[in-house]
Structures are given as structure tokens and as C-alpha cells.
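Participant: I am sharing start.cif, which consists of mmCIF, C-alpha atoms and all ligand atoms:
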data_run
#
loop_
_atom_site.label_atom_id
_atom_site.label_comp_id
_atom_site.auth_asym_id
_atom_site.auth_seq_id
_atom_site.Cartn_x
_atom_site.Cartn_y
_atom_site.Cartn_z
CA MET A 1 -5.01 -46.80 -189.68
CA LYS A 2 -4.51 -50.41 -190.75
CA SER A 3 -2.85 -50.86 -194.11
CA THR A 4 -6.08 -51.90 -195.78
CA THR A 5 -8.87 -49.91 -194.09
CA TYR A 6 -10.47 -46.76 -195.45
CA SER A 7 -12.06 -44.01 -193.35
CA ASP A 8 -15.74 -43.14 -193.79
CA LYS A 9 -14.68 -39.86 -195.41
CA VAL A 10 -12.53 -41.65 -198.00
CA LEU A 11 -15.40 -43.98 -198.84
CA ASP A 12 -17.83 -41.06 -199.05
CA HIS A 13 -15.61 -39.08 -201.44
CA PHE A 14 -14.95 -42.20 -203.48
CA ARG A 15 -18.65 -43.04 -203.80
CA ASN A 16 -19.84 -39.44 -204.25
CA PRO A 17 -16.88 -37.55 -205.71
CA ARG A 18 -17.26 -33.76 -205.75
CA ASN A 19 -16.28 -31.52 -208.68
CA VAL A 20 -15.81 -34.27 -211.27
CA GLY A 21 -15.46 -33.11 -214.87
CA VAL A 22 -13.57 -30.58 -216.95
CA LEU A 23 -13.62 -26.81 -217.40
CA GLU A 24 -13.23 -25.23 -220.79
CA GLY A 25 -12.31 -21.80 -222.07
CA GLU A 26 -9.36 -19.55 -222.67
CA ASP A 27 -9.12 -18.60 -219.01
CA ILE A 28 -8.88 -22.19 -217.74
CA ALA A 29 -5.57 -23.65 -216.56
CA VAL A 30 -5.00 -27.39 -216.46
CA GLY A 31 -2.60 -29.52 -214.45
CA ARG A 32 -1.90 -33.01 -215.78
CA VAL A 33 0.32 -35.47 -213.98
CA GLY A 34 1.11 -39.16 -214.00
CA ASN A 35 1.91 -41.31 -211.00
CA PRO A 36 5.32 -42.94 -211.52
CA VAL A 37 4.45 -45.67 -209.02
CA CYS A 38 1.34 -47.05 -210.75
CA GLY A 39 1.11 -45.19 -214.07
CA ASP A 40 -2.28 -43.63 -213.27
CA LEU A 41 -3.19 -40.14 -214.42
CA MET A 42 -4.89 -37.05 -212.98
CA GLU A 43 -6.11 -33.79 -214.47
CA ILE A 44 -7.20 -30.75 -212.47
CA TYR A 45 -8.84 -27.74 -214.11
CA ILE A 46 -8.98 -24.35 -212.39
CA LYS A 47 -10.71 -21.08 -213.15
CA VAL A 48 -9.12 -18.14 -211.35
CA GLU A 49 -10.75 -14.76 -210.87
CA ASP A 50 -9.31 -11.95 -208.76
CA ASN A 51 -6.54 -14.29 -207.67
CA THR A 52 -9.14 -16.69 -206.20
CA ILE A 53 -9.94 -20.22 -207.36
CA LYS A 54 -13.57 -19.71 -208.38
CA ASP A 55 -14.12 -23.12 -209.94
CA ILE A 56 -12.22 -26.39 -210.02
CA LYS A 57 -12.83 -29.83 -211.55
CA PHE A 58 -10.91 -33.07 -211.83
CA LYS A 59 -10.72 -36.13 -214.01
CA THR A 60 -8.63 -39.20 -213.24
CA PHE A 61 -7.64 -42.61 -214.52
CA GLY A 62 -6.79 -43.56 -210.97
CA CYS A 63 -7.87 -45.81 -208.13
CA GLY A 64 -10.43 -45.14 -205.39
CA SER A 65 -7.89 -43.32 -203.23
CA ALA A 66 -6.95 -41.09 -206.16
CA ILE A 67 -10.63 -40.24 -206.69
CA ALA A 68 -11.19 -39.52 -202.99
CA THR A 69 -8.08 -37.34 -202.65
CA ALA A 70 -8.89 -35.41 -205.83
CA SER A 71 -12.45 -34.85 -204.67
CA MET A 72 -11.20 -33.59 -201.30
CA ILE A 73 -8.50 -31.33 -202.75
CA THR A 74 -11.02 -29.63 -205.03
CA GLU A 75 -13.13 -28.85 -201.97
CA LEU A 76 -10.10 -27.56 -200.06
CA ALA A 77 -8.88 -25.37 -202.93
CA LYS A 78 -12.20 -23.85 -204.03
CA GLY A 79 -12.50 -20.28 -202.79
CA LYS A 80 -8.87 -20.06 -201.69
CA SER A 81 -6.36 -17.60 -203.09
CA VAL A 82 -3.85 -19.02 -205.57
CA GLU A 83 -1.08 -18.72 -202.96
CA GLU A 84 -3.11 -20.55 -200.30
CA ALA A 85 -4.16 -23.31 -202.68
CA GLU A 86 -0.57 -23.78 -203.77
CA LYS A 87 0.40 -24.64 -200.22
CA ILE A 88 -2.05 -27.56 -199.91
CA THR A 89 0.00 -30.73 -199.49
CA ARG A 90 -0.86 -34.38 -199.86
CA LYS A 91 -0.57 -34.61 -196.07
CA ASP A 92 -3.27 -31.93 -195.68
CA VAL A 93 -5.54 -33.90 -198.00
CA ALA A 94 -4.90 -37.20 -196.24
CA GLU A 95 -5.61 -35.57 -192.86
CA GLU A 96 -8.88 -34.05 -194.10
CA LEU A 97 -9.88 -37.54 -195.20
CA ASP A 98 -9.08 -38.88 -191.70
CA GLY A 99 -6.08 -40.74 -193.08
CA LEU A 100 -5.27 -43.06 -195.95
CA PRO A 101 -3.86 -46.59 -195.72
CA PRO A 102 -0.05 -46.22 -195.84
CA ILE A 103 0.22 -48.22 -199.06
CA LYS A 104 -2.13 -45.75 -200.74
CA MET A 105 -0.31 -42.56 -199.72
CA HIS A 106 1.39 -42.44 -203.13
CA CYS A 107 -2.06 -42.01 -204.67
CA SER A 108 -2.53 -38.71 -202.83
CA ASN A 109 0.50 -37.33 -204.70
CA LEU A 110 -1.55 -37.27 -207.88
CA ALA A 111 -4.14 -34.77 -206.66
CA ALA A 112 -1.66 -32.48 -204.89
CA ASP A 113 0.76 -32.54 -207.84
CA ALA A 114 -2.02 -31.92 -210.38
CA LEU A 115 -3.28 -28.92 -208.43
CA ARG A 116 0.20 -27.46 -208.22
CA ALA A 117 0.72 -28.09 -211.94
CA ALA A 118 -2.57 -26.31 -212.72
CA ILE A 119 -1.51 -23.32 -210.62
CA LYS A 120 1.91 -23.30 -212.26
CA ASN A 121 0.25 -23.26 -215.68
CA TYR A 122 -2.12 -20.52 -214.58
CA LYS A 123 0.85 -18.39 -213.54
CA LYS A 124 2.62 -19.20 -216.78
CA LYS A 125 -0.42 -18.11 -218.76
CA GLU A 126 -0.64 -14.90 -216.76
CA ASN A 127 2.86 -14.06 -217.84
CA GLN A 128 4.07 -15.06 -221.27
CA PRO A 129 3.27 -18.66 -222.29
CA GLU A 130 6.32 -20.58 -223.37
CA PRO A 131 6.38 -21.56 -227.05
CA ALA A 132 5.29 -25.18 -227.53
CA LYS A 133 7.94 -27.75 -228.33
CA THR A 134 7.66 -29.37 -231.70
CA GLU A 135 10.26 -32.11 -231.44
CA PHE A 136 11.35 -34.82 -229.06
CA MET A 137 14.94 -34.75 -227.96
CA LYS A 138 17.31 -37.52 -228.99
CA ILE A 139 16.40 -40.84 -227.38
CA THR A 140 19.14 -43.15 -226.12
CA GLY A 141 18.75 -46.78 -227.23
CA VAL A 142 16.86 -46.28 -230.51
CA ASP A 143 19.55 -47.99 -232.60
CA ARG A 144 20.27 -50.67 -230.03
CA PHE A 145 16.66 -51.90 -229.98
CA LYS A 146 15.78 -51.32 -233.62
CA ASP A 147 15.02 -55.04 -234.03
CA GLY A 148 13.67 -55.48 -230.52
CA GLY A 149 10.61 -53.30 -230.09
CA VAL A 150 11.51 -49.92 -231.58
CA TYR A 151 9.35 -49.06 -234.60
CA HIS A 152 9.51 -46.04 -236.83
CA LYS A 153 6.39 -47.14 -238.65
CA VAL A 154 4.27 -50.24 -238.04
CA VAL A 155 2.78 -51.58 -241.23
CA ASP A 156 0.79 -54.33 -239.52
CA ILE A 157 -0.36 -53.26 -236.06
CA ASN A 158 -1.39 -56.86 -235.28
CA ARG A 159 2.29 -57.48 -234.56
CA LEU A 160 1.73 -55.41 -231.43
CA LYS A 161 -1.32 -57.33 -230.20
CA ASP A 162 -1.27 -57.72 -226.41
CA LYS A 163 1.87 -55.60 -226.08
CA ARG A 164 2.36 -52.54 -223.88
CA VAL A 165 3.07 -49.81 -226.40
CA ILE A 166 4.37 -46.26 -226.11
CA ILE A 167 3.56 -43.92 -229.01
CA LEU A 168 5.16 -40.52 -229.50
CA ASP A 169 3.09 -37.57 -230.64
CA ARG A 170 3.86 -37.11 -234.33
CA GLY A 171 0.56 -35.59 -235.35
CA GLU A 172 -2.60 -37.15 -236.76
CA ASP A 173 -1.06 -40.45 -237.93
CA SER A 174 0.25 -41.21 -234.47
CA VAL A 175 -3.17 -40.41 -232.96
CA SER A 176 -4.95 -42.79 -235.38
CA ARG A 177 -2.39 -45.49 -234.71
CA ALA A 178 -2.81 -45.19 -230.94
CA CYS A 179 -6.61 -45.44 -231.21
CA SER A 180 -6.39 -48.57 -233.40
CA LEU A 181 -3.80 -50.17 -231.16
CA GLN A 182 -5.80 -49.62 -227.99
CA LYS A 183 -8.40 -52.07 -229.37
CA ILE A 184 -5.90 -54.94 -229.38
CA SER A 185 -3.41 -53.97 -226.67
CA PRO A 186 -3.81 -53.86 -222.90
CA ARG A 187 -2.00 -50.56 -222.53
CA VAL A 188 -1.21 -47.85 -225.01
CA ILE A 189 0.43 -44.68 -223.74
CA PHE A 190 0.64 -41.58 -225.91
CA ILE A 191 3.45 -39.17 -225.05
CA THR A 192 3.59 -35.53 -226.06
CA PRO A 193 6.06 -32.84 -225.00
CA ASN A 194 3.27 -30.26 -225.19
CA GLN A 195 0.23 -29.31 -223.13
CA ARG A 196 -2.02 -30.29 -226.06
CA VAL A 197 -1.82 -33.34 -228.32
CA ALA A 198 -0.40 -32.21 -231.65
CA PHE A 199 -1.80 -28.77 -230.73
CA ASN A 200 -5.28 -30.05 -231.57
CA ARG A 201 -8.20 -30.49 -229.17
CA ASN A 202 -9.96 -32.95 -231.54
CA PHE A 203 -6.99 -35.31 -231.50
CA GLU A 204 -7.05 -35.28 -227.75
CA GLU A 205 -10.75 -36.11 -227.70
CA ARG A 206 -10.22 -39.03 -230.07
CA LEU A 207 -7.54 -40.46 -227.80
CA ARG A 208 -9.68 -40.01 -224.71
CA LYS A 209 -12.68 -41.69 -226.33
CA ALA A 210 -10.46 -44.61 -227.34
CA ARG A 211 -9.24 -44.73 -223.68
CA VAL A 212 -5.61 -44.19 -224.61
CA LYS A 213 -3.58 -42.81 -221.72
CA ILE A 214 -1.88 -39.51 -222.54
CA LEU A 215 1.25 -38.20 -220.85
CA PHE A 216 1.47 -34.46 -221.44
CA GLU A 217 4.64 -32.39 -221.19
CA SER A 218 6.78 -35.52 -221.21
CA GLU A 219 9.76 -36.71 -223.20
CA VAL A 220 11.31 -40.13 -223.66
CA LEU A 221 14.93 -40.05 -222.60
CA GLU A 222 16.01 -43.66 -222.93
CA ILE A 223 14.91 -47.13 -224.01
CA ILE A 224 16.01 -49.82 -221.56
CA GLY A 225 16.20 -53.62 -221.86
CA THR A 226 18.48 -56.58 -222.40
CA LYS A 227 17.64 -57.90 -225.87
CA THR A 228 14.28 -56.21 -226.38
CA VAL A 229 12.53 -53.12 -225.02
CA GLU A 230 11.58 -53.59 -221.38
CA LYS A 231 11.28 -50.10 -219.93
CA ILE A 232 11.11 -46.51 -221.08
CA LYS A 233 12.73 -43.70 -219.13
CA ILE A 234 10.53 -40.61 -219.17
CA HIS A 235 11.20 -37.01 -218.24
CA ASP A 236 8.21 -35.15 -216.80
CA LEU A 237 8.96 -31.66 -218.09
CA ASN A 238 6.43 -30.00 -215.84
CA GLU A 239 7.74 -31.44 -212.59
CA ASP A 240 11.28 -31.98 -213.86
CA GLU A 241 11.18 -35.59 -212.67
CA VAL A 242 12.49 -38.73 -214.34
CA TYR A 243 10.78 -42.10 -213.97
CA GLU A 244 10.46 -45.45 -215.78
CA LEU A 245 7.49 -47.22 -217.32
CA PHE A 246 7.33 -50.89 -218.34
CA ALA A 247 6.76 -51.26 -222.08
CA ASP A 248 7.25 -53.87 -224.83
CA ALA A 249 7.44 -51.52 -227.78
CA ILE A 250 7.80 -47.89 -228.73
CA ILE A 251 6.63 -46.27 -231.95
CA LEU A 252 8.69 -43.19 -232.78
FE1 LIG B 301 -2.58 -45.44 -208.95
FE2 LIG B 301 -3.80 -45.16 -206.64
S1 LIG B 301 -2.99 -47.00 -207.47
S2 LIG B 301 -3.33 -43.63 -208.06
#
Would you put the structure from the file into C-alpha cells?
Ligand code: FES
Facilitator:
Amino acid sequence: MKSTTYSDKVLDHFRNPRNVGVLEGEDIAVGRVGNPVCGDLMEIYIKVEDNTIKDIKFKTFGCGSAIATASMITELAKGKSVEEAEKITRKDVAEELDGLPPIKMHCSNLAADALRAAIKNYKKKENQPEPAKTEFMKITGVDRFKDGGVYHKVVDINRLKDKRVIILDRGEDSVSRACSLQKISPRVIFITPNQRVAFNRNFEERLRKARVKILFESEVLEIIGTKTVEKIKIHDLNEDEVYELFADAIIL
């Protein structure tokens, strides 16, 4: 396939995505992942009965290829046993779609990783759920950039107009701040070490409505830059991966 062409199947799944939406309830497991290459996000919800994936839905802040691969992976996984679904790879999805342009292969990671994360969380729930973390670990660079983009509290959020801002989950205040900032900033990313924002579904809904991106199960390891904040090093706790995001400011 040429680097820019899409197969008919990709276009079909992009234009008419299957299984879009969310599932709710105590028995639902969710997989949430971010793409370190482009910063896009994917969520996959699964309902498992008798070790079989009975229902599955997805939601993404991703490109057309991410939508098409998520749509296809939900079709592939539905009705399969947990073990079979776990083995679905991004290559399987790309093949079912009759290929993806090489430069878009990274997008197919999102769907495959989100499905695996959902299954991992399902298994975790089946056993004993781990206690939620309540604190971020120590972040390298906080003192170094205290006058260059690191804020403990922003009195006037207009100072952050048009900046790319990372906000750490510190409860309701941080949620309100993120929602206000999103109105004047091109990109606000909310980071929580937990599977739920501040352990509260309403907070999460507020952030989603305000179109703030949320990175679940993630911790900031380090602030990077020369004189001011330029990048943030993030640890994806679910996948145990470390990656960097461009940012101008971070609110602790
Ligand atoms: Fe981000 Fe495709 S460009 S998922």
C-alpha cells in the first residue's frame, strides 16, 4: 500500500464505525491508553460473561486510522474468549483492514493496547483490585523550573493563555482549573495515577465535556527543558512505559 492510500475497509470503518460508545456498570472493565507518538487517546470497554467478551465499545480522541482500527478490533474481539481476544495484535487488525499506510501503523497500537489494558483490568478486578494511589511520586525538575513554567497554584489563569498545560489530579480544584484553562489553551492534559479522576465519576464527566484530555494511570517523572519547561516525561503505569510530551507549563 502506498504511504497515503487507505483501503476500502479502512474508509468503511472510519465512516461507519462499529461499537462506538461506553459501557457502564460494576462488571465493566476499561482500558485507557495514550499514543506516545501523537498524544491521542483510546478507551475500550468490555463486558465479560463466562470468560467470553459479550459486549465491547470504544471511544477515541484519535485520527481516522485510530477510529477504523478500534472499530475493527471490537468486531474481532466480540464473542471471543478472554484468552483469544488477548492475543489479537495490531498486525491482525491491520490485516483485517486490508492494510494501513505505513505512516499510520502507530495508530493501530492504540486499539490493540487499549483492548489488552481492558483485559488486564478485567483480570485484576476478578482477583483483588489494587488499592488506588493517592499521591504522585517525586518529580525531578520541580525546583529547577519553578520560575519557568512550574506552578503550584495559578492565581490568574490568563497567564497560561495559548500554552500547552499539564495538570496533575489533586481533586476538585484541579478539575475546575483544567476545565477553565481548556477554554483559553490549545491543549490541556489532565494526569491521574488512578483509573478514575479523583475517584469521582462526575469529575471525569466534567473534564470530558470540557474536552480536556485525561491520561489515566500515569505519573510525571521529570520536567525537561533548558530555561523553561519544554517537555514532560511520563510513566504509563499500566503498560510500564515511559514517554515524553511537549508542554509549556505544569500545574502541580
Ligand atoms: Fe494519533 Fe493516529 S495520529 S492515533
Participant: For Arg208 in chain A, which residue among A:Lys161, A:Lys47, A:Lys87, A:Phe61 is the nearest when counting all atoms listed in the file?
Facilitator: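 Closest candidate: A:Phe61.
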Participant: Any residue with an atom at most 6 Å from ligand LIG 301 (chain B) counts, using only C-alpha atoms and all ligand atoms. Which are they? Put them as a list in words.
Facilitator: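 What falls inside 6 Å of ligand LIG 301 (chain B) is Cys38, Asp40, Gly62, Cys63, Ser65, Ala66 and Cys107 of chain A.
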Participant: Include C-alpha atoms and write out the residues we just selected as a short mmCIF file (atom, residue, chain, number, x, y, z; two decimals), in the frame of the given file.
Facilitator:
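selection_21.cif, written as the output of this step:
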data_model
loop_
_atom_site.label_atom_id
_atom_site.label_comp_id
_atom_site.auth_asym_id
_atom_site.auth_seq_id
_atom_site.Cartn_x
_atom_site.Cartn_y
_atom_site.Cartn_z
CA CYS A 38 1.34 -47.05 -210.75
CA ASP A 40 -2.28 -43.63 -213.27
CA GLY A 62 -6.79 -43.56 -210.97
CA CYS A 63 -7.87 -45.81 -208.13
CA SER A 65 -7.89 -43.32 -203.23
CA ALA A 66 -6.95 -41.09 -206.16
CA CYS A 107 -2.06 -42.01 -204.67
#
Participant: Between CA of Val142 in chain A and CA of Val229 in chain A, what is the distance, to one decimal in Å?
Facilitator: 9.8 Å
Participant: Given all atoms listed in the file as the basis, pick out the residue of A:Asn202, A:Asn238, A:Asn51, A:Asn158 nearest to Phe216 in chain A.
Facilitator: A:Asn238
Participant: Please return as an MDAnalysis selection string every residue within 7 Å of (-10.7, -27.6, -209.9), taking into account all atoms listed in the file and the file's own coordinates.
Facilitator: chainID A and resid 19 44:46 55:58 74
Participant: Store the residues of this selection in a file with C-alpha atoms, as a PDB file, keeping the file's coordinate frame.
Facilitator:
ATOM      1  CA  ASN A  19     -16.280 -31.520-208.680  1.00  0.00           C
ATOM      2  CA  ILE A  44      -7.200 -30.750-212.470  1.00  0.00           C
ATOM      3  CA  TYR A  45      -8.840 -27.740-214.110  1.00  0.00           C
ATOM      4  CA  ILE A  46      -8.980 -24.350-212.390  1.00  0.00           C
ATOM      5  CA  ASP A  55     -14.120 -23.120-209.940  1.00  0.00           C
ATOM      6  CA  ILE A  56     -12.220 -26.390-210.020  1.00  0.00           C
ATOM      7  CA  LYS A  57     -12.830 -29.830-211.550  1.00  0.00           C
ATOM      8  CA  PHE A  58     -10.910 -33.070-211.830  1.00  0.00           C
ATOM      9  CA  THR A  74     -11.020 -29.630-205.030  1.00  0.00           C
TER      10      THR A  74
END
Participant: Between A:Thr60, A:Ile28, A:Val37, A:Met42, single out the one closest to Lys104 in chain A, counting all atoms listed in the file.
Facilitator: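 Checking each candidate against Lys104 in chain A, we get A:Val37 as the closest.
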Participant: Do a neighbour search on range 112-129 of chain A at 6 Å with all atoms listed in the file, toss out local chain neighbours closer than 6 positions, and write the hits as a PDB file with C-alpha atoms, in the frame of the given file.
Facilitator:
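Contents of around33.pdb, as written:
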ATOM      1  CA  ALA A  29      -5.570 -23.650-216.560  1.00  0.00           C
ATOM      2  CA  VAL A  30      -5.000 -27.390-216.460  1.00  0.00           C
ATOM      3  CA  GLY A  31      -2.600 -29.520-214.450  1.00  0.00           C
ATOM      4  CA  ARG A  32      -1.900 -33.010-215.780  1.00  0.00           C
ATOM      5  CA  VAL A  33       0.320 -35.470-213.980  1.00  0.00           C
ATOM      6  CA  ILE A  44      -7.200 -30.750-212.470  1.00  0.00           C
ATOM      7  CA  GLU A  86      -0.570 -23.780-203.770  1.00  0.00           C
ATOM      8  CA  THR A  89       0.000 -30.730-199.490  1.00  0.00           C
ATOM      9  CA  ARG A  90      -0.860 -34.380-199.860  1.00  0.00           C
TER      10      ARG A  90
END
Participant: Report, in Å to a single decimal, how far apart CA of Ile232 in chain A and CA of Asp156 in chain A are.
Facilitator: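 Going from CA of Asp156 in chain A over to CA of Ile232 in chain A, I get 22.5 Å.
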Participant: Could you tell me how far CA of Asn35 in chain A sits from CA of Ile250 in chain A, in Å to one decimal place?
Facilitator: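 These two atoms are separated by 19.8 Å.
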Participant: Which residue, A:His13, A:Lys183, A:Lys213, A:Lys146, has the smallest gap to Lys163 in chain A when you use all atoms listed in the file?
Facilitator: A:Lys183
Participant: Would you list the residues near (-16.6, -43.0, -199.2), meaning any protein, DNA or RNA residue with an atom at most 12 Å from that point in file coordinates, counting all atoms listed in the file, as a PyMOL selection string?
Facilitator: chain A and resi 5-18+64-65+67-69+71-72+97-98+100
Participant: Using the selection just defined, write its residues with C-alpha atoms as a PDB file, in the frame of the given file.
Facilitator:
ATOM      1  CA  THR A   5      -8.870 -49.910-194.090  1.00  0.00           C
ATOM      2  CA  TYR A   6     -10.470 -46.760-195.450  1.00  0.00           C
ATOM      3  CA  SER A   7     -12.060 -44.010-193.350  1.00  0.00           C
ATOM      4  CA  ASP A   8     -15.740 -43.140-193.790  1.00  0.00           C
ATOM      5  CA  LYS A   9     -14.680 -39.860-195.410  1.00  0.00           C
ATOM      6  CA  VAL A  10     -12.530 -41.650-198.000  1.00  0.00           C
ATOM      7  CA  LEU A  11     -15.400 -43.980-198.840  1.00  0.00           C
ATOM      8  CA  ASP A  12     -17.830 -41.060-199.050  1.00  0.00           C
ATOM      9  CA  HIS A  13     -15.610 -39.080-201.440  1.00  0.00           C
ATOM     10  CA  PHE A  14     -14.950 -42.200-203.480  1.00  0.00           C
ATOM     11  CA  ARG A  15     -18.650 -43.040-203.800  1.00  0.00           C
ATOM     12  CA  ASN A  16     -19.840 -39.440-204.250  1.00  0.00           C
ATOM     13  CA  PRO A  17     -16.880 -37.550-205.710  1.00  0.00           C
ATOM     14  CA  ARG A  18     -17.260 -33.760-205.750  1.00  0.00           C
ATOM     15  CA  GLY A  64     -10.430 -45.140-205.390  1.00  0.00           C
ATOM     16  CA  SER A  65      -7.890 -43.320-203.230  1.00  0.00           C
ATOM     17  CA  ILE A  67     -10.630 -40.240-206.690  1.00  0.00           C
ATOM     18  CA  ALA A  68     -11.190 -39.520-202.990  1.00  0.00           C
ATOM     19  CA  THR A  69      -8.080 -37.340-202.650  1.00  0.00           C
ATOM     20  CA  SER A  71     -12.450 -34.850-204.670  1.00  0.00           C
ATOM     21  CA  MET A  72     -11.200 -33.590-201.300  1.00  0.00           C
ATOM     22  CA  LEU A  97      -9.880 -37.540-195.200  1.00  0.00           C
ATOM     23  CA  ASP A  98      -9.080 -38.880-191.700  1.00  0.00           C
ATOM     24  CA  LEU A 100      -5.270 -43.060-195.950  1.00  0.00           C
TER      25      LEU A 100
END
Participant: Around range 64-73 of chain A, with edges along x, y and z and 3 Å added on all six sides, what centre and edge lengths do you get, in Å to one decimal, as AutoDock Vina command-line options?
Facilitator:
--center_x -9.7 --center_y -38.2 --center_z -204.0 --size_x 11.5 --size_y 19.8 --size_z 11.4
Participant: For Glu43 in chain A, which of A:Lys80, A:Arg144, A:Lys231, A:Lys59 is the closest residue, counting all atoms listed in the file?
Facilitator: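 That would be A:Lys59, the residue with the smallest distance to Glu43 in chain A.
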Participant: Range 171-178 of chain A: which residues within 8 Å, counting only C-alpha atoms, same-chain residues fewer than 2 positions away excluded, as a PDB file with C-alpha atoms, keeping the file's coordinate frame?
Facilitator:
ATOM      1  CA  ILE A 167       3.560 -43.920-229.010  1.00  0.00           C
ATOM      2  CA  LEU A 168       5.160 -40.520-229.500  1.00  0.00           C
ATOM      3  CA  ASP A 169       3.090 -37.570-230.640  1.00  0.00           C
ATOM      4  CA  SER A 180      -6.390 -48.570-233.400  1.00  0.00           C
ATOM      5  CA  LEU A 181      -3.800 -50.170-231.160  1.00  0.00           C
ATOM      6  CA  GLN A 182      -5.800 -49.620-227.990  1.00  0.00           C
ATOM      7  CA  VAL A 188      -1.210 -47.850-225.010  1.00  0.00           C
ATOM      8  CA  ILE A 189       0.430 -44.680-223.740  1.00  0.00           C
ATOM      9  CA  PHE A 190       0.640 -41.580-225.910  1.00  0.00           C
ATOM     10  CA  VAL A 197      -1.820 -33.340-228.320  1.00  0.00           C
ATOM     11  CA  ALA A 198      -0.400 -32.210-231.650  1.00  0.00           C
ATOM     12  CA  PHE A 203      -6.990 -35.310-231.500  1.00  0.00           C
ATOM     13  CA  ARG A 206     -10.220 -39.030-230.070  1.00  0.00           C
ATOM     14  CA  LEU A 207      -7.540 -40.460-227.800  1.00  0.00           C
ATOM     15  CA  VAL A 212      -5.610 -44.190-224.610  1.00  0.00           C
TER      16      VAL A 212
END
Participant: For each of A:Ala70, A:Leu41, A:Met105, A:Ala249, take the minimum atom-to-atom distance to Ile214 in chain A, counting only C-alpha atoms, then give the residue where this is smallest.
Facilitator: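 Looking at the shortest contact to Ile214 in chain A, the residue is A:Leu41.
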